[in-house]
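Participant: Here it is: the structure, laid out below.
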Amino acid sequence: MDNVKEAIRAHILAEYLPGESSANLKDDTPLRTSGVLDSMATLSLVTFVEETFGIAIEAHETGIDNFDRIEDIAALVQRKRSGQ
Amino acid sequence: MNLCRYLDASRQRFPSRVAVVDPSGRSLTYQALDDLSSRVAGFLIARGVQPGDRVGIIGPKSAEVVATLLGIMKAGAAYVPADYTAPSARNRLLLADCGVTAVFLDPGCAEIAGEWPTNQVPVVIELPGSGLEVFSPMVPWNAVAEHAPIAEPRLADADGLAYVLYTSGSTGVPKGVILTHRNATSFVDWCAAEFAPVESDRFSSHAPFHFDLSILDLYVPLKAGAELHLVSESAGKSPQELAAFIQDRRITCWYSTPSILSLLAQFGALETRDCGALRVVLFAGEVFPVKHLRAITERWPQASFYNLYGPTETNVCTFARIPLPIPSDRVAPYPIGEVCPYCQSLVLDTPGGTDVQPGDEGLLHIAGESLFQGYWNRPTADLFFERSGRRWYNTGDVVREVPGEGYVYVGRRDRMVKRRGYRIELGEIEKGLYQNERIREAAVISVPDPAAGVRIIAFLAPQPGERPSIIELKTFCARVLPAYMNPDVFSFVEKLPRTSTDKVDYQGLLRVHQPAGQPASSVS
């Protein structure tokens with residue numbers, strides 16, 4: 001689970017927050033509702049998560065429920081991997 | 001000619017055909033659209049709205065919103081559509097700028113109604129559909145839809161005001177582009193001749209109504225008696241939902257920015273969709289990367305593809321049909337093409353200057369029937385110049401003419417950029433950043449980006465002892481600026497570089513940004 005969070009954190013920092021310190025991007029930092037990720041950035045983050053973790057994410061799963069915080073994204077990955 | 005005449009003619013020919021379909025699938029026939037828009041006009045006239053008044057509208061797209069736009073014009077007034085996803089302070093600024101006497105408002109955007117800055121508080125009418133509670137003194141929608149009288153249209157003449165569209169302004173304040181019925185109908189009539197729409201066509205409406213692409217979406221099908229299918233804000237950003245929408249609604253005419261078509265080509269899973277009903281695909285607003293254009297033309301080989309070009313001030317003024325198939329080795333973007341028949345063009349060395357040699361680069365100037373009247377509340381003296389009995393406008397876009405292809409877009413000399421089809425004055429982002437108390441100086445540049453088109457970079461000199469985090473800055477910008485203006489990169493400097501005349505040295509900032517060993521590229 002921690003590896004999943006770290007991979008997502010590293011990707012968000014590199015792609016959308018260049019120059020930000022990793023300590024500022026916490027597991028519960030709002031991403032969508034704060035403006036860190038816009039709709040275009042979310043699309044490419046979804047693609048990154050699908051490709052990195054070998055899962056398929058449906059369009060209806062890409063809303064704020066699953067994609068507003070790193071811990072929520074990681075939980076979605078976990079559920080998908082365990083086949084729930 | 002008044003835009004509402006299209007509705008009247010189509011209602012007479014096809015009263016029971018579907019005119020507009022909501023994102024949810026709910027629809028209005030031509031007769032119902034005509035009746036509802038006449039009630040909107042009846043309500044506005046009864047509440048004292050005068051010919052030439054401006055009436056604001058803020059909310060998600062719906063069939064009722066389309067009826068409202070038409071109803072405002074039937075009352076002889078002009079509509080002012082605002083971006084309901086933008087910060088309410090910005091919307092209040094622009095609605096106050098043009099002095100709206102009434103505002104149609106989604107209750108989800110109610111924040112704007114309570115803090116009106118002028119002593120001219122407009123009548124505020126609820127738009128239906130959000131399910132939120134309406135507050136007093138907001139007029140509920142059923143007072144319009146059920147109780148207002150059906151008014152005899154009070155149509156403006158062809159040179160009367162039809163709508164005001166706000167675009168990004170270089171001083172940080174949005175500018176209201178004033179457009180008449182003639183400005184719009186010259187373009188709509190040409191579209192009808194060029195794309196030959198018929199009543200069995202089904203048009204998409206992807207662009208929001210505050211964006212000038214919506215003029216084609218709203219009025220070309222209205223003239224043809226065709227169906228208009230509205231795309232919701234959320235579906236509009238989801239390529240998979242858009243692909244399903246095009247398939248399920250059997251869309252025949254699509255119009256959007258290249259950004260959206262690029263997303264469809266990359267993430268739309270188009271191989272799983274049947275979009276065979278598409279016969280015309282139009283795009284405008286920015287340069288279309290050829291790689292993605294080729295991909296989408298290969299997915300939809302039955303359709304004709306057109307590049308349309310023009311700032312809000314001229315509406316579409318040039319067009320090019322894309323010859324298919326696109327050769328596999330082509331990388332150069334397609335031209336913006338030849339001038340539309342209701343416009344005239346000049347390519348000059350400086351604003352209002354002398355003609356360049358054929359084939360040389362110069363500033364594209366436009367005259368003609370689609371040319372705007374000026375900006376609301378701003379002087380017109382420096383906007384236009386006269387030559388050969390015509391009034392010319394400098395688009396600020398640098399072009400060159402290529403025999404057989406028309407104009408090729410080269411770039412800009414000023415600080416305006418296009419991102420996702422939206423026009424952005426970099427100065428407006430700077431003004432937003434200066435509202436942050438922890439920032440002493442801000443300067444914003446753009447650099448070309450092969451994937452995203454452009455990247456926006458903000459250089460910031462914080463107040464002594466301050467160092468806001470990038471997450472804080474992103475969050476702050478989302479509060480004060482539209483999402484498409486949020487910078488991609490924040491870079492901290494002790495102080496901004498200055499030229500000898502003490503202006504911000506933007507060329508110097510470009511060199512700072514450019515990684516060592518790469519040639520500095522020009523600001524687009």
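Following the order of the structure tokens, first chain is A, next is B, and so on, with residues numbered from 1 inside each chain and ligands from 1 in the order they appear.
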Which chain B residues have any atom within 12 Å of an atom of chain A, and for each, what is the nearest pair of atoms with distance in Å to one decimal, counting only C-alpha atoms, rows sorted by chain and number, as a tab-separated table?

Facilitator:
residue	atom	partner	partner_atom	distance
B:Glu233	CA	A:Ser39	CA	10.7
B:Ser234	CA	A:Ser39	CA	9.0
B:Ala235	CA	A:Ala59	CA	9.7
B:Gly236	CA	A:Ser39	CA	10.0
B:Lys237	CA	A:Ser39	CA	6.6
B:Ser238	CA	A:Ala59	CA	7.4
B:Pro239	CA	A:Leu43	CA	8.9
B:Gln240	CA	A:Ala59	CA	7.0
B:Glu241	CA	A:Ala59	CA	7.5
B:Leu242	CA	A:Ala59	CA	10.9
B:Ala243	CA	A:Ala59	CA	11.8
B:Ala244	CA	A:Ala59	CA	11.3
B:Ser259	CA	A:Met40	CA	9.7
B:Ile260	CA	A:Met40	CA	9.9
B:Ser262	CA	A:Met40	CA	11.4
B:Leu263	CA	A:Met40	CA	8.9
B:Leu264	CA	A:Leu43	CA	11.5
B:Gln266	CA	A:Ser44	CA	10.4
B:Phe267	CA	A:Leu43	CA	8.4
B:Gly268	CA	A:Ala59	CA	10.6
B:Ala269	CA	A:Ala59	CA	11.7
B:Arg419	CA	A:Met40	CA	11.8
B:Arg420	CA	A:Met40	CA	9.8
B:Ala451	CA	A:Ser44	CA	11.7
B:Ala452	CA	A:Met40	CA	9.8
B:Arg455	CA	A:Tyr16	CA	11.2
B:Ile456	CA	A:Tyr16	CA	11.9
B:Ile457	CA	A:Pro18	CA	10.8
B:Ala458	CA	A:Pro18	CA	11.9
B:Arg467	CA	A:Glu20	CA	11.2
B:Pro468	CA	A:Glu20	CA	10.0
B:Ser469	CA	A:Glu20	CA	6.7
B:Ile470	CA	A:Glu20	CA	5.6
B:Ile471	CA	A:Val36	CA	6.4
B:Glu472	CA	A:Ser34	CA	8.7
B:Leu473	CA	A:Val36	CA	8.9
B:Lys474	CA	A:Val36	CA	5.5
B:Thr475	CA	A:Ser34	CA	4.9
B:Phe476	CA	A:Gly35	CA	8.2
B:Cys477	CA	A:Gly35	CA	7.7
B:Ala478	CA	A:Gly35	CA	5.1
B:Arg479	CA	A:Gly35	CA	8.2
B:Val480	CA	A:Gly35	CA	10.9
B:Leu481	CA	A:Gly35	CA	10.3
B:Pro482	CA	A:Gly35	CA	10.0
B:Ala483	CA	A:Asp38	CA	6.9
B:Tyr484	CA	A:Asp38	CA	8.3
B:Met485	CA	A:Asp38	CA	10.7
B:Asn486	CA	A:Gly35	CA	8.1
B:Pro487	CA	A:Tyr16	CA	9.8
B:Asp488	CA	A:Tyr16	CA	6.7
B:Val489	CA	A:Pro18	CA	6.3
B:Phe490	CA	A:Gly19	CA	7.5
B:Ser491	CA	A:Gly19	CA	7.6
B:Phe492	CA	A:Gly19	CA	9.3

Participant: Find the residues near B:Arg202: any atom within 7 Å, counting only C-alpha atoms, skip ones fewer than 4 places away on the same chain, and give them as a VMD selection string.

Facilitator: chain B and resid 226 to 229 251 to 253

Participant: Identify, on the basis of only C-alpha atoms, every residue whose closest approach to A:Ile57 does not exceed 12 Å; exclude the query and any residue fewer than 2 positions from it along the same chain; express the result as a PyMOL selection string.

Facilitator: (chain A and resi 43+45-51+53-55+59-63+66-67+73+76-77+79-81) or (chain B and resi 240)

Participant: What is the atom CA of B:Cys275-atom CA of B:Val231 distance in Å, reported with one decimal?

Facilitator: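 The value is 16.0 Å.
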
Participant: From a DSSP pass on the backbone, collect the residues of chain A flagged as alpha helix (DSSP H) and hand them back as a VMD selection string.

Facilitator: chain A and resid 2 to 16 39 to 53 64 to 67 70 to 81

Participant: Neighbours of B:Ile296 within 8 Å (only C-alpha atoms; same-chain residues fewer than 2 positions away dropped), as a PDB file with C-alpha atoms, in the first residue's frame?

Facilitator:
ATOM      1  CA  LEU B 261     -10.421  15.936 -30.446  1.00  0.00           C
ATOM      2  CA  SER B 262      -6.845  15.069 -29.388  1.00  0.00           C
ATOM      3  CA  LEU B 264     -10.807  11.637 -28.078  1.00  0.00           C
ATOM      4  CA  ALA B 265      -8.107  10.252 -30.374  1.00  0.00           C
ATOM      5  CA  HIS B 292      -3.598  13.633 -33.292  1.00  0.00           C
ATOM      6  CA  LEU B 293      -5.444  15.101 -36.292  1.00  0.00           C
ATOM      7  CA  ARG B 294      -4.206  12.193 -38.434  1.00  0.00           C
ATOM      8  CA  GLU B 298      -8.242   7.708 -39.675  1.00  0.00           C
ATOM      9  CA  ARG B 299     -10.906   6.741 -37.100  1.00  0.00           C
ATOM     10  CA  TRP B 300     -13.613   8.741 -38.899  1.00  0.00           C
TER      11      TRP B 300
END
